[in-house]
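*Asks:* My structure is stored as input.cif, with mmCIF, C-alpha atoms, pLDDT in the B column; chains and numbers go by the auth columns.
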data_protein
#
loop_
_atom_site.group_PDB
_atom_site.id
_atom_site.type_symbol
_atom_site.label_atom_id
_atom_site.label_comp_id
_atom_site.label_asym_id
_atom_site.label_seq_id
_atom_site.Cartn_x
_atom_site.Cartn_y
_atom_site.Cartn_z
_atom_site.B_iso_or_equiv
_atom_site.auth_seq_id
_atom_site.auth_asym_id
ATOM 1 C CA MET A 1 79.448 100.500 70.915 64.00 623 A
ATOM 2 C CA THR A 2 78.530 102.424 74.043 79.00 624 A
ATOM 3 C CA THR A 3 75.439 104.405 74.938 89.00 625 A
ATOM 4 C CA ILE A 4 75.100 108.151 75.179 93.00 626 A
ATOM 5 C CA ILE A 5 74.596 107.809 78.942 94.00 627 A
ATOM 6 C CA THR A 6 77.933 106.038 79.339 93.00 628 A
ATOM 7 C CA LYS A 7 79.721 108.654 77.242 94.00 629 A
ATOM 8 C CA THR A 8 78.138 111.527 79.176 94.00 630 A
ATOM 9 C CA ILE A 9 78.968 110.036 82.572 94.00 631 A
ATOM 10 C CA THR A 10 82.549 109.399 81.426 93.00 632 A
ATOM 11 C CA LYS A 11 82.944 113.035 80.311 94.00 633 A
ATOM 12 C CA ILE A 12 81.785 114.133 83.765 95.00 634 A
ATOM 13 C CA CYS A 13 84.007 111.634 85.601 94.00 635 A
ATOM 14 C CA ILE A 14 87.285 112.403 83.814 94.00 636 A
ATOM 15 C CA PRO A 15 88.046 115.821 85.389 95.00 637 A
ATOM 16 C CA LEU A 16 86.655 114.798 88.779 96.00 638 A
ATOM 17 C CA VAL A 17 88.733 111.633 89.034 96.00 639 A
ATOM 18 C CA ILE A 18 91.876 113.414 87.795 96.00 640 A
ATOM 19 C CA LEU A 19 91.432 116.058 90.512 96.00 641 A
ATOM 20 C CA PHE A 20 90.845 113.297 93.074 95.00 642 A
ATOM 21 C CA SER A 21 94.020 111.522 91.951 95.00 643 A
ATOM 22 C CA ILE A 22 96.018 114.733 92.391 93.00 644 A
ATOM 23 C CA SER A 23 94.434 115.160 95.822 91.00 645 A
ATOM 24 C CA LEU A 24 95.522 111.642 96.789 91.00 646 A
ATOM 25 C CA LEU A 25 99.012 112.368 95.493 91.00 647 A
ATOM 26 C CA LEU A 26 99.409 115.572 97.508 85.00 648 A
ATOM 27 C CA ALA A 27 97.984 114.119 100.726 84.00 649 A
ATOM 28 C CA GLY A 28 100.114 110.992 100.556 76.00 650 A
ATOM 29 C CA HIS A 29 103.017 111.774 102.859 69.00 651 A
ATOM 30 C CA ASN A 30 100.785 112.624 105.859 69.00 652 A
ATOM 31 C CA ASN A 31 97.523 110.799 105.172 72.00 653 A
ATOM 32 C CA PRO A 32 96.440 107.675 103.303 70.00 654 A
ATOM 33 C CA GLY A 33 97.197 108.080 99.652 75.00 655 A
ATOM 34 C CA GLY A 34 100.324 108.862 97.729 85.00 656 A
ATOM 35 C CA GLY A 35 101.845 108.461 94.328 89.00 657 A
ATOM 36 C CA PHE A 36 100.828 104.872 93.741 93.00 658 A
ATOM 37 C CA ILE A 37 97.115 105.107 94.467 93.00 659 A
ATOM 38 C CA GLY A 38 96.903 108.560 92.874 93.00 660 A
ATOM 39 C CA GLY A 39 98.471 107.146 89.713 95.00 661 A
ATOM 40 C CA VAL A 40 96.108 104.178 89.723 95.00 662 A
ATOM 41 C CA MET A 41 93.114 106.521 89.961 95.00 663 A
ATOM 42 C CA PHE A 42 94.416 108.565 87.007 95.00 664 A
ATOM 43 C CA VAL A 43 94.993 105.392 84.986 95.00 665 A
ATOM 44 C CA SER A 44 91.524 104.081 85.786 95.00 666 A
ATOM 45 C CA VAL A 45 89.756 107.117 84.344 94.00 667 A
ATOM 46 C CA ILE A 46 91.947 107.220 81.214 92.00 668 A
ATOM 47 C CA ALA A 47 91.359 103.490 80.742 91.00 669 A
ATOM 48 C CA LEU A 48 87.625 104.154 81.106 92.00 670 A
ATOM 49 C CA ALA A 49 87.875 106.762 78.338 92.00 671 A
ATOM 50 C CA TYR A 50 89.765 104.259 76.152 89.00 672 A
ATOM 51 C CA VAL A 51 87.005 101.685 76.658 90.00 673 A
ATOM 52 C CA VAL A 52 84.038 104.034 76.249 93.00 674 A
ATOM 53 C CA PHE A 53 85.252 106.143 73.327 91.00 675 A
ATOM 54 C CA GLY A 54 87.695 103.737 71.714 87.00 676 A
ATOM 55 C CA LEU A 55 91.453 104.004 71.548 83.00 677 A
ATOM 56 C CA ARG A 56 91.453 105.280 67.975 83.00 678 A
ATOM 57 C CA HIS A 57 89.155 108.223 68.842 85.00 679 A
ATOM 58 C CA ILE A 58 91.108 109.161 71.993 84.00 680 A
ATOM 59 C CA LYS A 59 94.415 109.069 70.098 83.00 681 A
ATOM 60 C CA THR A 60 93.176 111.779 67.697 85.00 682 A
ATOM 61 C CA PHE A 61 93.367 114.463 70.409 82.00 683 A
ATOM 62 C CA PHE A 62 95.210 112.886 73.378 83.00 684 A
ATOM 63 C CA ASN A 63 98.167 110.693 72.481 84.00 685 A
ATOM 64 C CA PRO A 64 101.081 111.212 74.896 87.00 686 A
ATOM 65 C CA ASP A 65 104.141 108.992 74.877 90.00 687 A
ATOM 66 C CA TRP A 66 103.529 107.067 78.096 90.00 688 A
ATOM 67 C CA ALA A 67 107.076 105.672 78.092 93.00 689 A
ATOM 68 C CA LYS A 68 108.376 109.232 78.565 95.00 690 A
ATOM 69 C CA TRP A 69 106.076 109.677 81.567 94.00 691 A
ATOM 70 C CA PHE A 70 107.529 106.462 83.001 95.00 692 A
ATOM 71 C CA GLY A 71 111.091 107.645 82.354 96.00 693 A
ATOM 72 C CA PHE A 72 110.467 111.029 83.950 96.00 694 A
ATOM 73 C CA GLY A 73 108.926 109.447 87.037 96.00 695 A
ATOM 74 C CA LEU A 74 111.709 106.918 87.441 96.00 696 A
ATOM 75 C CA THR A 75 114.346 109.642 87.073 96.00 697 A
ATOM 76 C CA LEU A 76 112.615 111.901 89.613 94.00 698 A
ATOM 77 C CA ALA A 77 112.123 109.102 92.148 91.00 699 A
ATOM 78 C CA SER A 78 115.731 107.940 91.763 91.00 700 A
ATOM 79 C CA LEU A 79 117.170 111.443 92.088 91.00 701 A
ATOM 80 C CA THR A 80 115.075 112.011 95.204 89.00 702 A
ATOM 81 C CA ALA A 81 116.307 108.770 96.765 85.00 703 A
ATOM 82 C CA PHE A 82 119.971 109.453 95.988 86.00 704 A
ATOM 83 C CA SER A 83 119.991 113.207 96.689 85.00 705 A
ATOM 84 C CA ALA A 84 120.355 112.738 100.459 80.00 706 A
ATOM 85 C CA MET A 85 123.686 110.980 99.888 82.00 707 A
ATOM 86 C CA MET A 86 125.065 114.121 98.232 82.00 708 A
ATOM 87 C CA PHE A 87 124.558 115.935 101.550 77.00 709 A
ATOM 88 C CA GLY A 88 126.209 113.230 103.668 78.00 710 A
ATOM 89 C CA HIS A 89 123.030 111.512 104.839 77.00 711 A
ATOM 90 C CA ASN A 90 121.780 107.954 104.436 81.00 712 A
ATOM 91 C CA PHE A 91 120.162 106.759 101.214 82.00 713 A
ATOM 92 C CA PHE A 92 116.554 107.938 100.921 78.00 714 A
ATOM 93 C CA ARG A 93 116.524 110.182 103.968 78.00 715 A
ATOM 94 C CA SER A 94 113.619 112.595 103.839 79.00 716 A
ATOM 95 C CA ALA A 95 114.092 116.314 104.388 77.00 717 A
ATOM 96 C CA VAL A 96 111.384 118.486 105.935 78.00 718 A
ATOM 97 C CA GLU A 97 111.046 122.255 105.651 80.00 719 A
ATOM 98 C CA PHE A 98 108.262 124.494 106.935 88.00 720 A
ATOM 99 C CA VAL A 99 107.492 127.513 104.736 88.00 721 A
ATOM 100 C CA HIS A 100 105.143 130.391 105.495 89.00 722 A
ATOM 101 C CA LEU A 101 102.984 131.475 102.547 86.00 723 A
ATOM 102 C CA PRO A 102 100.864 134.642 102.858 88.00 724 A
ATOM 103 C CA LEU A 103 97.563 133.113 101.707 86.00 725 A
ATOM 104 C CA PHE A 104 97.981 129.570 103.022 82.00 726 A
ATOM 105 C CA GLY A 105 99.889 130.040 106.259 86.00 727 A
ATOM 106 C CA GLU A 106 102.580 127.566 107.204 88.00 728 A
ATOM 107 C CA ILE A 107 102.942 124.562 104.902 83.00 729 A
ATOM 108 C CA GLU A 108 105.205 121.555 105.164 81.00 730 A
ATOM 109 C CA LEU A 109 107.498 120.710 102.251 79.00 731 A
ATOM 110 C CA VAL A 110 108.834 117.166 102.345 81.00 732 A
ATOM 111 C CA SER A 111 111.297 115.604 99.928 81.00 733 A
ATOM 112 C CA ALA A 112 109.228 112.414 100.096 83.00 734 A
ATOM 113 C CA GLY A 113 106.633 114.405 98.147 85.00 735 A
ATOM 114 C CA LEU A 114 109.002 114.488 95.167 87.00 736 A
ATOM 115 C CA PHE A 115 109.401 110.735 95.443 89.00 737 A
ATOM 116 C CA ASP A 116 105.592 110.378 95.473 90.00 738 A
ATOM 117 C CA ILE A 117 105.362 112.494 92.322 93.00 739 A
ATOM 118 C CA GLY A 118 107.940 110.226 90.690 94.00 740 A
ATOM 119 C CA VAL A 119 105.943 107.134 91.669 93.00 741 A
ATOM 120 C CA TYR A 120 102.780 108.818 90.348 95.00 742 A
ATOM 121 C CA PHE A 121 104.356 109.255 86.907 96.00 743 A
ATOM 122 C CA VAL A 122 105.876 105.739 86.929 96.00 744 A
ATOM 123 C CA VAL A 123 102.487 104.154 87.633 96.00 745 A
ATOM 124 C CA ILE A 124 100.700 106.279 85.020 95.00 746 A
ATOM 125 C CA GLY A 125 103.380 105.752 82.387 95.00 747 A
ATOM 126 C CA SER A 126 103.767 102.016 82.849 96.00 748 A
ATOM 127 C CA LEU A 127 100.088 101.062 83.108 94.00 749 A
ATOM 128 C CA LEU A 128 98.878 103.285 80.277 91.00 750 A
ATOM 129 C CA PHE A 129 101.790 102.173 78.087 93.00 751 A
ATOM 130 C CA ILE A 130 100.590 98.587 78.591 91.00 752 A
ATOM 131 C CA PHE A 131 96.909 99.450 78.055 87.00 753 A
ATOM 132 C CA LYS A 132 97.627 101.451 74.918 85.00 754 A
ATOM 133 C CA ASN A 133 99.827 98.766 73.378 85.00 755 A
ATOM 134 C CA VAL A 134 97.374 95.986 74.178 84.00 756 A
ATOM 135 C CA GLY A 135 94.576 98.109 72.683 75.00 757 A
ATOM 136 C CA ASP A 136 96.636 98.832 69.552 74.00 758 A
ATOM 137 C CA ASP A 137 96.980 95.101 68.904 63.00 759 A
ATOM 138 C CA ASN A 138 93.217 94.683 68.737 56.00 760 A
ATOM 139 C CA GLU A 139 92.553 97.464 66.238 49.00 761 A
#
Take the structure in this file and express it as structure tokens.

*Replies:*
Amino acid sequence: MTTIITKTITKICIPLVILFSISLLLAGHNNPGGGFIGGVMFVSVIALAYVVFGLRHIKTFFNPDWAKWFGFGLTLASLTAFSAMMFGHNFFRSAVEFVHLPLFGEIELVSAGLFDIGVYFVVIGSLLFIFKNVGDDNE
């Protein structure tokens, strides 16, 4: 049983930490961060919700198949790594393109960003699959 303070703080933290994890994901190819740490931050706040509210309560409104998240991430990361070979380059070579957007100016698109997104989903899928299955055994 948890207190009302813990539940309230958790409700406030969930959207903030998810936004922070996405920020870490998007900043990863140029600054500290990336798919791994962004995924770990996402997992930490979902695990906090599992602990505070209970797995059974969370599963009533939020029950994704975490194995599918893992599969999607692994597929995306693998396709990104092998795609350079289809264009005659070395395995896992990163491509860079600069694009001008009217509201944002010039932005850098990097294929390593797709790999980071794949890692993000692999970390989320694998860790939350483990947490959910361990929690199911105790209920």

*Asks:* Record the distance separating CA of Phe658 in chain A and CA of Val744 in chain A, expressed in Å with one decimal.

*Replies:*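 Going from CA of Phe658 in chain A over to CA of Val744 in chain A, I get 8.5 Å.
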
*Asks:* Identify all residues satisfying the PyMOL selection byres ((chain A and resi 754) around 12) in the given file; provide them as a ChimeraX atom specification.

*Replies:* /A:665,668-669,671-673,676-678,680-681,684-689,746-753,755-761

*Asks:* Just so the selection is clear, what residues does the PyMOL selection byres ((chain A and resi 695-709) around 10) cover here, as a VMD selection string?

*Replies:* chain A and resid 689 to 694 710 to 717 733 to 748

*Asks:* Check the smallest atom-to-atom distance from each of A:Val674, A:Val721, A:Val732, A:Phe726 to Ile627 in chain A using only C-alpha atoms, then report the winner.

*Replies:*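 Looking at the shortest contact to Ile627 in chain A, the residue is A:Val674.
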
*Asks:* Could you give me, as a VMD selection string, the residues within 12 Å of Phe642 in chain A, counting all atoms listed in the file and dropping anything in the same chain fewer than 6 positions from it?

*Replies:* chain A and resid 635 to 636 648 to 649 655 to 656 659 to 664 666 to 667

*Asks:* Which residues would end up in the selection if the PyMOL selection byres ((chain A and resi 719) around 6) were applied here, given that I need the answer as number ranges by chain?

*Replies:* A: 718, 720, 730-731

*Asks:* Just give me the gap between CA of Ile626 in chain A and CA of Phe675 in chain A in Å, one decimal is fine.

*Replies:* 10.5 Å

*Asks:* Provide the CA of Ile729 in chain A to CA of Pro654 in chain A distance in Å, to one decimal place.

*Replies:*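 Between CA of Ile729 in chain A and CA of Pro654 in chain A the gap works out to 18.2 Å.
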
*Asks:* If I only have part of range 650-674 of chain A, can you fill in N, CA, C and O atoms and write it as a PDB file, keeping the file's coordinate frame?

*Replies:*
ATOM      1  N   GLY A 650      99.512 112.288 100.286  1.00 76.00           N
ATOM      2  CA  GLY A 650     100.114 110.992 100.556  1.00 76.00           C
ATOM      3  C   GLY A 650     101.152 110.911 101.631  1.00 76.00           C
ATOM      4  O   GLY A 650     101.260 109.891 102.292  1.00 76.00           O
ATOM      5  N   HIS A 651     101.959 111.939 101.873  1.00 69.00           N
ATOM      6  CA  HIS A 651     103.017 111.774 102.859  1.00 69.00           C
ATOM      7  C   HIS A 651     102.529 111.919 104.294  1.00 69.00           C
ATOM      8  O   HIS A 651     103.221 111.532 105.216  1.00 69.00           O
ATOM      9  N   ASN A 652     101.334 112.474 104.509  1.00 69.00           N
ATOM     10  CA  ASN A 652     100.785 112.624 105.859  1.00 69.00           C
ATOM     11  C   ASN A 652      99.519 111.815 106.094  1.00 69.00           C
ATOM     12  O   ASN A 652      99.173 111.531 107.223  1.00 69.00           O
ATOM     13  N   ASN A 653      98.808 111.493 105.067  1.00 72.00           N
ATOM     14  CA  ASN A 653      97.523 110.799 105.172  1.00 72.00           C
ATOM     15  C   ASN A 653      97.524 109.621 104.212  1.00 72.00           C
ATOM     16  O   ASN A 653      98.414 109.500 103.380  1.00 72.00           O
ATOM     17  N   PRO A 654      96.510 108.756 104.290  1.00 70.00           N
ATOM     18  CA  PRO A 654      96.440 107.675 103.303  1.00 70.00           C
ATOM     19  C   PRO A 654      96.378 108.228 101.888  1.00 70.00           C
ATOM     20  O   PRO A 654      95.691 109.203 101.613  1.00 70.00           O
ATOM     21  N   GLY A 655      97.114 107.631 101.033  1.00 75.00           N
ATOM     22  CA  GLY A 655      97.197 108.080  99.652  1.00 75.00           C
ATOM     23  C   GLY A 655      98.651 108.070  99.224  1.00 75.00           C
ATOM     24  O   GLY A 655      99.483 107.413  99.827  1.00 75.00           O
ATOM     25  N   GLY A 656      98.955 108.778  98.196  1.00 85.00           N
ATOM     26  CA  GLY A 656     100.324 108.862  97.729  1.00 85.00           C
ATOM     27  C   GLY A 656     100.396 108.681  96.238  1.00 85.00           C
ATOM     28  O   GLY A 656      99.380 108.674  95.532  1.00 85.00           O
ATOM     29  N   GLY A 657     101.612 108.541  95.754  1.00 89.00           N
ATOM     30  CA  GLY A 657     101.845 108.461  94.328  1.00 89.00           C
ATOM     31  C   GLY A 657     101.249 107.236  93.675  1.00 89.00           C
ATOM     32  O   GLY A 657     100.732 107.304  92.566  1.00 89.00           O
ATOM     33  N   PHE A 658     101.316 106.095  94.366  1.00 93.00           N
ATOM     34  CA  PHE A 658     100.828 104.872  93.741  1.00 93.00           C
ATOM     35  C   PHE A 658      99.319 104.903  93.533  1.00 93.00           C
ATOM     36  O   PHE A 658      98.836 104.730  92.418  1.00 93.00           O
ATOM     37  N   ILE A 659      98.579 105.143  94.597  1.00 93.00           N
ATOM     38  CA  ILE A 659      97.115 105.107  94.467  1.00 93.00           C
ATOM     39  C   ILE A 659      96.605 106.282  93.640  1.00 93.00           C
ATOM     40  O   ILE A 659      95.626 106.164  92.904  1.00 93.00           O
ATOM     41  N   GLY A 660      97.279 107.432  93.729  1.00 93.00           N
ATOM     42  CA  GLY A 660      96.903 108.560  92.874  1.00 93.00           C
ATOM     43  C   GLY A 660      97.099 108.227  91.407  1.00 93.00           C
ATOM     44  O   GLY A 660      96.259 108.541  90.563  1.00 93.00           O
ATOM     45  N   GLY A 661      98.218 107.569  91.091  1.00 95.00           N
ATOM     46  CA  GLY A 661      98.471 107.146  89.713  1.00 95.00           C
ATOM     47  C   GLY A 661      97.466 106.123  89.227  1.00 95.00           C
ATOM     48  O   GLY A 661      97.012 106.170  88.082  1.00 95.00           O
ATOM     49  N   VAL A 662      97.099 105.195  90.103  1.00 95.00           N
ATOM     50  CA  VAL A 662      96.108 104.178  89.723  1.00 95.00           C
ATOM     51  C   VAL A 662      94.757 104.820  89.432  1.00 95.00           C
ATOM     52  O   VAL A 662      94.064 104.429  88.482  1.00 95.00           O
ATOM     53  N   MET A 663      94.379 105.829  90.220  1.00 95.00           N
ATOM     54  CA  MET A 663      93.114 106.521  89.961  1.00 95.00           C
ATOM     55  C   MET A 663      93.153 107.237  88.614  1.00 95.00           C
ATOM     56  O   MET A 663      92.187 107.193  87.851  1.00 95.00           O
ATOM     57  N   PHE A 664      94.268 107.895  88.302  1.00 95.00           N
ATOM     58  CA  PHE A 664      94.416 108.565  87.007  1.00 95.00           C
ATOM     59  C   PHE A 664      94.314 107.556  85.875  1.00 95.00           C
ATOM     60  O   PHE A 664      93.614 107.775  84.891  1.00 95.00           O
ATOM     61  N   VAL A 665      95.005 106.433  86.019  1.00 95.00           N
ATOM     62  CA  VAL A 665      94.993 105.392  84.986  1.00 95.00           C
ATOM     63  C   VAL A 665      93.586 104.838  84.802  1.00 95.00           C
ATOM     64  O   VAL A 665      93.150 104.589  83.675  1.00 95.00           O
ATOM     65  N   SER A 666      92.862 104.667  85.895  1.00 95.00           N
ATOM     66  CA  SER A 666      91.524 104.081  85.786  1.00 95.00           C
ATOM     67  C   SER A 666      90.591 104.947  84.946  1.00 95.00           C
ATOM     68  O   SER A 666      89.811 104.433  84.145  1.00 95.00           O
ATOM     69  N   VAL A 667      90.673 106.265  85.104  1.00 94.00           N
ATOM     70  CA  VAL A 667      89.756 107.117  84.344  1.00 94.00           C
ATOM     71  C   VAL A 667      90.197 107.228  82.877  1.00 94.00           C
ATOM     72  O   VAL A 667      89.349 107.301  81.985  1.00 94.00           O
ATOM     73  N   ILE A 668      91.492 107.205  82.603  1.00 92.00           N
ATOM     74  CA  ILE A 668      91.947 107.220  81.214  1.00 92.00           C
ATOM     75  C   ILE A 668      91.611 105.893  80.547  1.00 92.00           C
ATOM     76  O   ILE A 668      91.191 105.858  79.378  1.00 92.00           O
ATOM     77  N   ALA A 669      91.748 104.797  81.286  1.00 91.00           N
ATOM     78  CA  ALA A 669      91.359 103.490  80.742  1.00 91.00           C
ATOM     79  C   ALA A 669      89.855 103.450  80.466  1.00 91.00           C
ATOM     80  O   ALA A 669      89.420 102.875  79.464  1.00 91.00           O
ATOM     81  N   LEU A 670      89.074 104.067  81.339  1.00 92.00           N
ATOM     82  CA  LEU A 670      87.625 104.154  81.106  1.00 92.00           C
ATOM     83  C   LEU A 670      87.341 104.916  79.806  1.00 92.00           C
ATOM     84  O   LEU A 670      86.502 104.491  79.008  1.00 92.00           O
ATOM     85  N   ALA A 671      88.056 106.003  79.585  1.00 92.00           N
ATOM     86  CA  ALA A 671      87.875 106.762  78.338  1.00 92.00           C
ATOM     87  C   ALA A 671      88.270 105.923  77.130  1.00 92.00           C
ATOM     88  O   ALA A 671      87.606 105.964  76.092  1.00 92.00           O
ATOM     89  N   TYR A 672      89.357 105.147  77.252  1.00 89.00           N
ATOM     90  CA  TYR A 672      89.765 104.259  76.152  1.00 89.00           C
ATOM     91  C   TYR A 672      88.666 103.249  75.834  1.00 89.00           C
ATOM     92  O   TYR A 672      88.378 102.977  74.670  1.00 89.00           O
ATOM     93  N   VAL A 673      88.044 102.706  76.872  1.00 90.00           N
ATOM     94  CA  VAL A 673      87.005 101.685  76.658  1.00 90.00           C
ATOM     95  C   VAL A 673      85.737 102.308  76.094  1.00 90.00           C
ATOM     96  O   VAL A 673      85.145 101.787  75.148  1.00 90.00           O
ATOM     97  N   VAL A 674      85.311 103.433  76.641  1.00 93.00           N
ATOM     98  CA  VAL A 674      84.038 104.034  76.249  1.00 93.00           C
ATOM     99  C   VAL A 674      84.115 104.657  74.859  1.00 93.00           C
ATOM    100  O   VAL A 674      83.225 104.463  74.029  1.00 93.00           O
TER     101      VAL A 674
END
